[in-house]
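Engineer: So here's data-v3.txt (compact mmCIF, N, CA, C and O atoms).
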```
# COMPACT_ATOMS: atom_id res chain seq x y z
N MET A 1 18.71 -13.36 1.19
CA MET A 1 17.34 -12.90 1.05
C MET A 1 17.21 -12.03 -0.18
O MET A 1 18.10 -11.26 -0.49
N ARG A 2 16.08 -12.15 -0.80
CA ARG A 2 15.80 -11.34 -1.98
C ARG A 2 15.42 -9.93 -1.55
O ARG A 2 14.75 -9.74 -0.54
N ILE A 3 15.83 -8.96 -2.33
CA ILE A 3 15.49 -7.57 -2.07
C ILE A 3 14.52 -7.11 -3.14
O ILE A 3 14.75 -7.32 -4.33
N THR A 4 13.43 -6.50 -2.72
CA THR A 4 12.47 -5.92 -3.64
C THR A 4 12.67 -4.42 -3.60
O THR A 4 12.45 -3.78 -2.57
N ARG A 5 13.11 -3.85 -4.70
CA ARG A 5 13.42 -2.41 -4.76
C ARG A 5 12.18 -1.60 -5.11
O ARG A 5 11.30 -2.05 -5.83
N CYS A 6 12.15 -0.38 -4.62
CA CYS A 6 11.11 0.58 -5.00
C CYS A 6 11.24 0.86 -6.49
O CYS A 6 12.33 1.23 -6.95
N PRO A 7 10.18 0.70 -7.26
CA PRO A 7 10.29 0.92 -8.70
C PRO A 7 10.43 2.40 -9.08
O PRO A 7 10.83 2.71 -10.20
N ARG A 8 10.15 3.28 -8.15
CA ARG A 8 10.23 4.71 -8.45
C ARG A 8 11.63 5.26 -8.24
O ARG A 8 12.16 5.95 -9.10
N CYS A 9 12.26 4.95 -7.11
CA CYS A 9 13.59 5.51 -6.83
C CYS A 9 14.71 4.49 -6.99
O CYS A 9 15.88 4.85 -7.08
N LEU A 10 14.36 3.21 -6.98
CA LEU A 10 15.31 2.10 -7.10
C LEU A 10 16.34 2.06 -5.98
O LEU A 10 17.34 1.36 -6.08
N ALA A 11 16.11 2.79 -4.90
CA ALA A 11 17.09 2.85 -3.83
C ALA A 11 16.67 2.07 -2.60
O ALA A 11 17.50 1.46 -1.95
N GLU A 12 15.40 2.08 -2.28
CA GLU A 12 14.92 1.50 -1.02
C GLU A 12 14.45 0.06 -1.22
O GLU A 12 13.86 -0.28 -2.23
N ASP A 13 14.68 -0.75 -0.18
CA ASP A 13 14.18 -2.11 -0.14
C ASP A 13 12.76 -2.05 0.43
O ASP A 13 12.55 -1.58 1.55
N ILE A 14 11.78 -2.50 -0.35
CA ILE A 14 10.39 -2.45 0.11
C ILE A 14 9.87 -3.84 0.46
O ILE A 14 8.67 -4.04 0.59
N THR A 15 10.77 -4.79 0.65
CA THR A 15 10.36 -6.16 0.97
C THR A 15 9.41 -6.19 2.16
O THR A 15 8.42 -6.91 2.15
N ALA A 16 9.69 -5.42 3.20
CA ALA A 16 8.86 -5.44 4.41
C ALA A 16 8.36 -4.05 4.78
O ALA A 16 7.87 -3.84 5.89
N ASP A 17 8.44 -3.08 3.88
CA ASP A 17 7.95 -1.73 4.16
C ASP A 17 7.45 -1.09 2.87
O ASP A 17 8.00 -0.12 2.38
N ALA A 18 6.40 -1.68 2.33
CA ALA A 18 5.84 -1.20 1.07
C ALA A 18 4.63 -0.31 1.32
O ALA A 18 3.98 -0.39 2.36
N HIS A 19 4.35 0.55 0.35
CA HIS A 19 3.19 1.44 0.42
C HIS A 19 2.49 1.39 -0.94
O HIS A 19 3.13 1.64 -1.97
N PRO A 20 1.19 1.06 -0.97
CA PRO A 20 0.49 0.98 -2.26
C PRO A 20 0.22 2.36 -2.83
O PRO A 20 -0.24 3.26 -2.14
N SER A 21 0.53 2.51 -4.09
CA SER A 21 0.24 3.74 -4.81
C SER A 21 -0.38 3.34 -6.15
O SER A 21 -0.56 2.15 -6.42
N ARG A 22 -0.68 4.32 -6.96
CA ARG A 22 -1.30 4.02 -8.26
C ARG A 22 -0.68 4.88 -9.33
O ARG A 22 -0.08 5.91 -9.07
N ARG A 23 -0.85 4.43 -10.56
CA ARG A 23 -0.46 5.21 -11.72
C ARG A 23 -1.44 4.88 -12.84
O ARG A 23 -2.10 3.84 -12.81
N LEU A 24 -1.53 5.77 -13.81
CA LEU A 24 -2.40 5.52 -14.94
C LEU A 24 -1.65 4.75 -16.01
O LEU A 24 -0.56 5.15 -16.42
N VAL A 25 -2.23 3.65 -16.45
CA VAL A 25 -1.68 2.86 -17.54
C VAL A 25 -2.77 2.77 -18.60
O VAL A 25 -3.81 2.14 -18.37
N ASP A 26 -2.58 3.45 -19.71
CA ASP A 26 -3.58 3.53 -20.77
C ASP A 26 -4.92 4.04 -20.24
O ASP A 26 -5.99 3.53 -20.60
N GLY A 27 -4.87 5.01 -19.34
CA GLY A 27 -6.07 5.63 -18.81
C GLY A 27 -6.76 4.84 -17.72
O GLY A 27 -7.84 5.22 -17.27
N ILE A 28 -6.15 3.75 -17.27
CA ILE A 28 -6.74 2.91 -16.23
C ILE A 28 -5.82 2.90 -15.02
O ILE A 28 -4.62 2.65 -15.16
N PRO A 29 -6.35 3.16 -13.82
CA PRO A 29 -5.51 3.13 -12.63
C PRO A 29 -4.94 1.74 -12.38
O PRO A 29 -5.67 0.74 -12.43
N ALA A 30 -3.64 1.67 -12.12
CA ALA A 30 -2.96 0.41 -11.80
C ALA A 30 -2.20 0.60 -10.49
O ALA A 30 -1.59 1.64 -10.27
N THR A 31 -2.24 -0.42 -9.65
CA THR A 31 -1.57 -0.35 -8.35
C THR A 31 -0.13 -0.82 -8.48
O THR A 31 0.16 -1.76 -9.22
N PHE A 32 0.76 -0.16 -7.77
CA PHE A 32 2.13 -0.61 -7.63
C PHE A 32 2.61 -0.20 -6.25
O PHE A 32 1.97 0.60 -5.58
N PHE A 33 3.71 -0.77 -5.80
CA PHE A 33 4.19 -0.53 -4.45
C PHE A 33 5.48 0.26 -4.47
O PHE A 33 6.36 -0.01 -5.29
N VAL A 34 5.56 1.25 -3.58
CA VAL A 34 6.71 2.13 -3.51
C VAL A 34 7.22 2.20 -2.07
O VAL A 34 6.57 1.71 -1.15
N CYS A 35 8.35 2.85 -1.88
CA CYS A 35 8.91 3.04 -0.54
C CYS A 35 8.20 4.20 0.16
O CYS A 35 7.44 4.95 -0.45
N ARG A 36 8.50 4.34 1.42
CA ARG A 36 7.90 5.40 2.24
C ARG A 36 8.18 6.79 1.66
O ARG A 36 7.32 7.66 1.64
N GLU A 37 9.40 7.02 1.20
CA GLU A 37 9.79 8.33 0.67
C GLU A 37 9.10 8.66 -0.66
O GLU A 37 8.89 9.83 -0.97
N CYS A 38 8.77 7.66 -1.43
CA CYS A 38 8.16 7.89 -2.75
C CYS A 38 6.64 7.89 -2.73
O CYS A 38 6.01 8.25 -3.73
N PHE A 39 6.03 7.51 -1.59
CA PHE A 39 4.59 7.37 -1.56
C PHE A 39 3.85 8.67 -1.90
O PHE A 39 3.02 8.72 -2.80
N ARG A 40 4.14 9.74 -1.17
CA ARG A 40 3.43 11.01 -1.41
C ARG A 40 3.68 11.56 -2.82
O ARG A 40 2.74 11.97 -3.50
N PRO A 41 4.93 11.59 -3.30
CA PRO A 41 5.14 12.06 -4.67
C PRO A 41 4.43 11.19 -5.71
O PRO A 41 3.90 11.70 -6.69
N ALA A 42 4.40 9.88 -5.49
CA ALA A 42 3.73 8.98 -6.44
C ALA A 42 2.23 9.24 -6.47
O ALA A 42 1.61 9.25 -7.54
N GLU A 43 1.64 9.46 -5.30
CA GLU A 43 0.21 9.76 -5.25
C GLU A 43 -0.09 11.12 -5.90
O GLU A 43 -1.10 11.28 -6.58
N LEU A 44 0.79 12.09 -5.70
CA LEU A 44 0.61 13.39 -6.33
C LEU A 44 0.71 13.26 -7.85
O LEU A 44 -0.10 13.83 -8.59
N GLU A 45 1.67 12.48 -8.33
CA GLU A 45 1.79 12.24 -9.77
C GLU A 45 0.53 11.57 -10.32
O GLU A 45 0.06 11.91 -11.40
N PHE A 46 -0.01 10.63 -9.55
CA PHE A 46 -1.24 9.96 -9.98
C PHE A 46 -2.40 10.95 -10.04
O PHE A 46 -3.17 10.97 -11.00
N GLN A 47 -2.50 11.82 -9.04
CA GLN A 47 -3.57 12.82 -9.03
C GLN A 47 -3.45 13.76 -10.22
O GLN A 47 -4.44 14.07 -10.89
N ILE A 48 -2.25 14.21 -10.51
CA ILE A 48 -2.02 15.10 -11.66
C ILE A 48 -2.34 14.38 -12.96
O ILE A 48 -2.96 14.95 -13.87
N SER A 49 -1.95 13.11 -13.06
CA SER A 49 -2.24 12.32 -14.26
C SER A 49 -3.74 12.17 -14.46
O SER A 49 -4.23 12.25 -15.59
N CYS A 50 -4.46 11.96 -13.37
CA CYS A 50 -5.92 11.83 -13.45
C CYS A 50 -6.55 13.13 -13.96
O CYS A 50 -7.44 13.10 -14.81
N GLU A 51 -6.07 14.26 -13.43
CA GLU A 51 -6.60 15.54 -13.87
C GLU A 51 -6.32 15.76 -15.35
O GLU A 51 -7.18 16.24 -16.09
N GLY A 52 -5.13 15.41 -15.79
CA GLY A 52 -4.76 15.59 -17.20
C GLY A 52 -5.51 14.68 -18.14
O GLY A 52 -5.77 15.03 -19.29
N ALA A 53 -5.88 13.49 -17.66
CA ALA A 53 -6.57 12.52 -18.50
C ALA A 53 -8.08 12.54 -18.26
O ALA A 53 -8.80 11.69 -18.78
N THR A 54 -8.55 13.50 -17.48
CA THR A 54 -9.96 13.61 -17.10
C THR A 54 -10.51 12.30 -16.54
O THR A 54 -11.59 11.84 -16.90
N VAL A 55 -9.73 11.69 -15.68
CA VAL A 55 -10.15 10.49 -14.95
C VAL A 55 -10.43 10.94 -13.52
O VAL A 55 -9.64 11.68 -12.94
N ALA A 56 -11.56 10.51 -12.97
CA ALA A 56 -11.92 10.91 -11.61
C ALA A 56 -10.90 10.37 -10.61
O ALA A 56 -10.59 9.19 -10.62
N TYR A 57 -10.37 11.27 -9.78
CA TYR A 57 -9.40 10.88 -8.76
C TYR A 57 -10.13 10.64 -7.45
O TYR A 57 -10.98 11.42 -7.05
N ALA A 58 -9.81 9.55 -6.80
CA ALA A 58 -10.32 9.28 -5.46
C ALA A 58 -9.17 8.65 -4.67
O ALA A 58 -8.40 7.86 -5.21
N ARG A 59 -9.08 9.02 -3.41
CA ARG A 59 -8.05 8.43 -2.55
C ARG A 59 -8.31 6.93 -2.42
O ARG A 59 -9.46 6.49 -2.41
N LEU A 60 -7.25 6.17 -2.29
CA LEU A 60 -7.36 4.74 -2.08
C LEU A 60 -7.83 4.50 -0.64
O LEU A 60 -7.18 4.95 0.30
N PRO A 61 -8.98 3.83 -0.46
CA PRO A 61 -9.47 3.59 0.90
C PRO A 61 -8.46 2.79 1.73
O PRO A 61 -7.75 1.92 1.21
N ILE A 62 -8.41 3.07 3.01
CA ILE A 62 -7.43 2.43 3.89
C ILE A 62 -7.57 0.92 3.88
O ILE A 62 -6.59 0.19 3.77
N ARG A 63 -8.80 0.41 3.97
CA ARG A 63 -8.98 -1.04 4.00
C ARG A 63 -8.54 -1.68 2.69
O ARG A 63 -7.98 -2.78 2.69
N GLU A 64 -8.77 -1.01 1.59
CA GLU A 64 -8.30 -1.53 0.29
C GLU A 64 -6.77 -1.53 0.25
O GLU A 64 -6.14 -2.47 -0.24
N SER A 65 -6.15 -0.48 0.79
CA SER A 65 -4.68 -0.43 0.87
C SER A 65 -4.15 -1.59 1.70
O SER A 65 -3.16 -2.23 1.33
N LEU A 66 -4.81 -1.87 2.81
CA LEU A 66 -4.38 -2.98 3.67
C LEU A 66 -4.53 -4.32 2.96
O LEU A 66 -3.66 -5.20 3.09
N ARG A 67 -5.60 -4.50 2.20
CA ARG A 67 -5.77 -5.75 1.45
C ARG A 67 -4.68 -5.90 0.39
O ARG A 67 -4.16 -7.00 0.17
N LEU A 68 -4.34 -4.81 -0.27
CA LEU A 68 -3.26 -4.86 -1.27
C LEU A 68 -1.93 -5.19 -0.61
O LEU A 68 -1.15 -6.00 -1.14
N LEU A 69 -1.68 -4.60 0.55
CA LEU A 69 -0.45 -4.89 1.29
C LEU A 69 -0.42 -6.36 1.73
O LEU A 69 0.63 -7.01 1.65
N ARG A 70 -1.55 -6.87 2.19
CA ARG A 70 -1.60 -8.28 2.59
C ARG A 70 -1.21 -9.18 1.42
O ARG A 70 -0.41 -10.10 1.58
N SER A 71 -1.75 -8.91 0.26
CA SER A 71 -1.41 -9.70 -0.92
C SER A 71 0.08 -9.58 -1.26
O SER A 71 0.75 -10.57 -1.58
N PHE A 72 0.62 -8.36 -1.19
CA PHE A 72 2.04 -8.12 -1.46
C PHE A 72 2.91 -8.93 -0.50
O PHE A 72 3.84 -9.63 -0.91
N TYR A 73 2.60 -8.86 0.79
CA TYR A 73 3.40 -9.58 1.79
C TYR A 73 3.20 -11.09 1.71
O TYR A 73 4.13 -11.85 1.99
N GLN A 74 2.01 -11.55 1.31
CA GLN A 74 1.81 -12.99 1.12
C GLN A 74 2.72 -13.51 0.01
O GLN A 74 3.29 -14.59 0.13
N ASP A 75 2.86 -12.73 -1.05
CA ASP A 75 3.78 -13.11 -2.13
C ASP A 75 5.21 -13.18 -1.62
O ASP A 75 5.96 -14.11 -1.94
N ARG A 76 5.62 -12.18 -0.84
CA ARG A 76 6.98 -12.20 -0.28
C ARG A 76 7.17 -13.38 0.66
O ARG A 76 8.19 -14.01 0.69
N ARG A 77 6.14 -13.68 1.44
CA ARG A 77 6.22 -14.78 2.41
C ARG A 77 6.35 -16.14 1.72
O ARG A 77 7.04 -17.02 2.21
N ARG A 78 5.67 -16.29 0.56
CA ARG A 78 5.80 -17.54 -0.20
C ARG A 78 7.23 -17.71 -0.71
O ARG A 78 7.75 -18.81 -0.75
N GLU A 79 7.84 -16.60 -1.11
CA GLU A 79 9.22 -16.65 -1.61
C GLU A 79 10.22 -16.89 -0.48
O GLU A 79 11.18 -17.62 -0.66
N TRP A 80 10.02 -16.22 0.65
CA TRP A 80 10.94 -16.29 1.79
C TRP A 80 10.16 -16.50 3.08
O TRP A 80 9.95 -15.57 3.85
N PRO A 81 9.73 -17.73 3.36
CA PRO A 81 8.89 -17.97 4.55
C PRO A 81 9.59 -17.71 5.88
O PRO A 81 8.92 -17.52 6.89
N ASP A 82 10.92 -17.68 5.91
CA ASP A 82 11.64 -17.50 7.17
C ASP A 82 12.10 -16.05 7.40
O ASP A 82 12.83 -15.80 8.36
N ASP A 83 11.70 -15.12 6.56
CA ASP A 83 12.13 -13.73 6.72
C ASP A 83 11.33 -13.06 7.84
O ASP A 83 10.12 -12.84 7.71
N PRO A 84 11.97 -12.74 8.96
CA PRO A 84 11.22 -12.15 10.09
C PRO A 84 10.65 -10.77 9.79
O PRO A 84 9.64 -10.37 10.36
N ARG A 85 11.29 -10.03 8.87
CA ARG A 85 10.77 -8.69 8.53
C ARG A 85 9.41 -8.80 7.85
O ARG A 85 8.48 -8.05 8.16
N VAL A 86 9.29 -9.75 6.93
CA VAL A 86 8.02 -9.94 6.21
C VAL A 86 6.96 -10.47 7.17
O VAL A 86 5.81 -10.03 7.12
N THR A 87 7.34 -11.38 8.05
CA THR A 87 6.40 -11.91 9.03
C THR A 87 5.86 -10.80 9.92
O THR A 87 4.65 -10.71 10.16
N ALA A 88 6.73 -9.93 10.39
CA ALA A 88 6.31 -8.81 11.24
C ALA A 88 5.40 -7.85 10.48
O ALA A 88 4.38 -7.39 11.01
N ALA A 89 5.74 -7.55 9.24
CA ALA A 89 4.92 -6.65 8.43
C ALA A 89 3.54 -7.26 8.18
O ALA A 89 2.52 -6.57 8.25
N MET A 90 3.52 -8.56 7.89
CA MET A 90 2.26 -9.25 7.64
C MET A 90 1.38 -9.25 8.90
O MET A 90 0.18 -9.02 8.82
N GLU A 91 1.99 -9.50 10.05
CA GLU A 91 1.23 -9.48 11.31
C GLU A 91 0.63 -8.10 11.58
O GLU A 91 -0.51 -7.99 12.05
N GLU A 92 1.36 -7.06 11.28
CA GLU A 92 0.86 -5.69 11.47
C GLU A 92 -0.33 -5.41 10.56
O GLU A 92 -1.33 -4.81 10.97
N VAL A 93 -0.24 -5.84 9.31
CA VAL A 93 -1.35 -5.63 8.37
C VAL A 93 -2.58 -6.41 8.84
O VAL A 93 -3.70 -5.89 8.84
N GLU A 94 -2.37 -7.66 9.24
CA GLU A 94 -3.50 -8.48 9.73
C GLU A 94 -4.13 -7.84 10.97
O GLU A 94 -5.35 -7.83 11.11
N ARG A 95 -3.31 -7.31 11.87
CA ARG A 95 -3.83 -6.65 13.07
C ARG A 95 -4.70 -5.46 12.69
O ARG A 95 -5.79 -5.26 13.23
N ARG A 96 -4.23 -4.68 11.73
CA ARG A 96 -5.00 -3.50 11.32
C ARG A 96 -6.29 -3.87 10.61
O ARG A 96 -7.29 -3.17 10.72
N LEU A 97 -6.27 -4.98 9.86
CA LEU A 97 -7.49 -5.42 9.18
C LEU A 97 -8.55 -5.90 10.16
O LEU A 97 -9.75 -5.86 9.85
N LEU A 98 -8.13 -6.36 11.32
CA LEU A 98 -9.09 -6.82 12.33
C LEU A 98 -9.84 -5.66 12.99
O LEU A 98 -10.91 -5.86 13.56
N ILE A 99 -9.29 -4.48 12.92
CA ILE A 99 -9.94 -3.31 13.51
C ILE A 99 -11.10 -2.90 12.62
O ILE A 99 -10.93 -2.67 11.42
N GLY A 100 -12.27 -2.85 13.18
CA GLY A 100 -13.45 -2.49 12.40
C GLY A 100 -13.48 -1.01 12.10
O GLY A 100 -12.87 -0.20 12.80
N PRO A 101 -14.20 -0.63 11.05
CA PRO A 101 -14.32 0.79 10.73
C PRO A 101 -15.07 1.53 11.84
O PRO A 101 -15.94 0.97 12.49
N VAL A 102 -14.70 2.76 12.05
CA VAL A 102 -15.33 3.59 13.07
C VAL A 102 -16.64 4.12 12.51
O VAL A 102 -16.69 4.65 11.40
N GLU A 103 -17.70 3.95 13.28
CA GLU A 103 -18.99 4.46 12.85
C GLU A 103 -19.18 5.87 13.34
O GLU A 103 -18.66 6.25 14.40
N ARG A 104 -19.93 6.64 12.58
CA ARG A 104 -20.20 8.02 12.98
C ARG A 104 -21.11 8.04 14.18
O ARG A 104 -22.09 7.30 14.25
N ALA A 105 -20.82 8.89 15.12
CA ALA A 105 -21.69 9.06 16.28
C ALA A 105 -22.79 10.05 15.91
O ALA A 105 -22.55 11.03 15.20
N SER A 106 -23.96 9.78 16.38
CA SER A 106 -25.04 10.73 16.11
C SER A 106 -24.83 11.97 16.97
O SER A 106 -24.16 11.94 18.00
N ARG A 107 -25.41 13.05 16.58
CA ARG A 107 -25.25 14.30 17.32
C ARG A 107 -25.89 14.19 18.70
O ARG A 107 -25.51 14.88 19.64
N LEU A 108 -26.86 13.31 18.86
CA LEU A 108 -27.52 13.15 20.15
C LEU A 108 -26.62 12.45 21.15
O LEU A 108 -26.75 12.63 22.35
N ASP A 109 -25.66 11.60 20.66
CA ASP A 109 -24.75 10.89 21.54
C ASP A 109 -23.63 11.78 22.05
O ASP A 109 -22.98 11.45 23.04
N ALA A 110 -23.39 12.89 21.39
CA ALA A 110 -22.24 13.74 21.75
C ALA A 110 -22.47 14.54 22.99
O ALA A 110 -23.44 14.73 23.55
```
For this file, write the structure as structure tokens.
Structural biologist:
Amino acid sequence: MRITRCPRCLAEDITADAHPSRRLVDGIPATFFVCRECFRPAELEFQISCEGATVAYARLPIRESLRLLRSFYQDRRREWPDDPRVTAAMEEVERRLLIGPVERASRLDA
């Protein structure tokens, strides 16, 4: 099986446990995938880069993160269709995407 390494630490296999993060490339946010341990530091680096480059920082919405993960795992699945780790990760992402966003309750309903 092919191993996809975290581009930040080069230590962890992110084939079935990736986390979408971003970095600035020529002043434009670009998505890349990191391991669980590198996710928070990578997001902090992105936030600091945005402040330094006067680019507006906004958190990556959860549903957008899930769509990015689905695309990442679909690529892995095309390469290795029999990998049970990728299949399980893909099923989890699909399950989460089926959950609708929570609507705000009005104050009268509380």
Engineer: Give the centre and edge lengths of an axis-aligned box, in Å to one decimal, that holds all listed atoms of region 30-37 of chain A with 4 Å on each side, as lines of an AutoDock Vina configuration file.
Structural biologist:
```
center_x = 3.1
center_y = 4.0
center_z = -4.9
size_x = 21.4
size_y = 19.6
size_z = 22.4
```
Engineer: Would you please give, as a list in words, all residues of region 28-104 of chain A that DSSP assigns to strand (DSSP E or B) based on the backbone?
Structural biologist: Ile28, Pro29, Ala30, Thr31, Phe32, Phe33 and Val34 of chain A
Engineer: Compare A:Val25, A:Val34, A:Ala53, A:Leu66 by their minimum atom-to-atom distance to Thr4 (chain A), counting all atoms listed in the file, and give me the closest one.
Structural biologist: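 Distance minimum relative to Thr4 (chain A) lands on A:Val34.
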Engineer: Return the single residue from A:Leu60, A:Ser71, A:Arg104, A:Arg8 that is closest to Cys38 (chain A), with distances computed using only N, CA, C and O atoms.
Structural biologist: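 The closest residue to Cys38 (chain A) is A:Arg8.
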Engineer: Distance atom C of Gly27 (chain A)-atom N of Asp13 (chain A), one decimal place?
Structural biologist: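 Interatomic distance, atom C of Gly27 (chain A) to atom N of Asp13 (chain A): 28.3 Å.
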Engineer: May I ask for the distance between CA of Arg95 (chain A) and atom N of Ala30 (chain A), given in Å to one decimal place?
Structural biologist: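 So the two atoms, CA of Arg95 (chain A) and atom N of Ala30 (chain A), lie 26.5 Å apart.
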Engineer: Write down as an MDAnalysis selection string the residues of chain A whose backbone DSSP state falls under helix (DSSP H, G or I).
Structural biologist: chainID A and resid 36:52 62:79 84:98
Engineer: Nearest to Arg67 (chain A) among A:Arg40, A:Arg2, A:Cys9, A:Leu97, with distances taken over all atoms listed in the file: which residue is it?
Structural biologist: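 Using all atoms listed in the file, the shortest distance to Arg67 (chain A) belongs to A:Leu97.
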Engineer: Taking 6 positions as the minimum chain separation for residues in the same chain, which residues sit within 8 Å of region 72-86 of chain A when counting only N, CA, C and O atoms? Answer as a count of residues only.
Structural biologist: 10
Engineer: Can you measure CA of Pro20 (chain A) to CA of Phe33 (chain A) for me? One decimal in Å is fine.
Structural biologist: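 These atoms are spaced 4.6 Å apart.
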Engineer: Would you please work out which residue, of A:Glu45, A:Ser21, A:Pro101, A:Leu69, is nearest to Ala89 (chain A) when using all atoms listed in the file?
Structural biologist: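 Among the listed residues, A:Leu69 lies closest to Ala89 (chain A).
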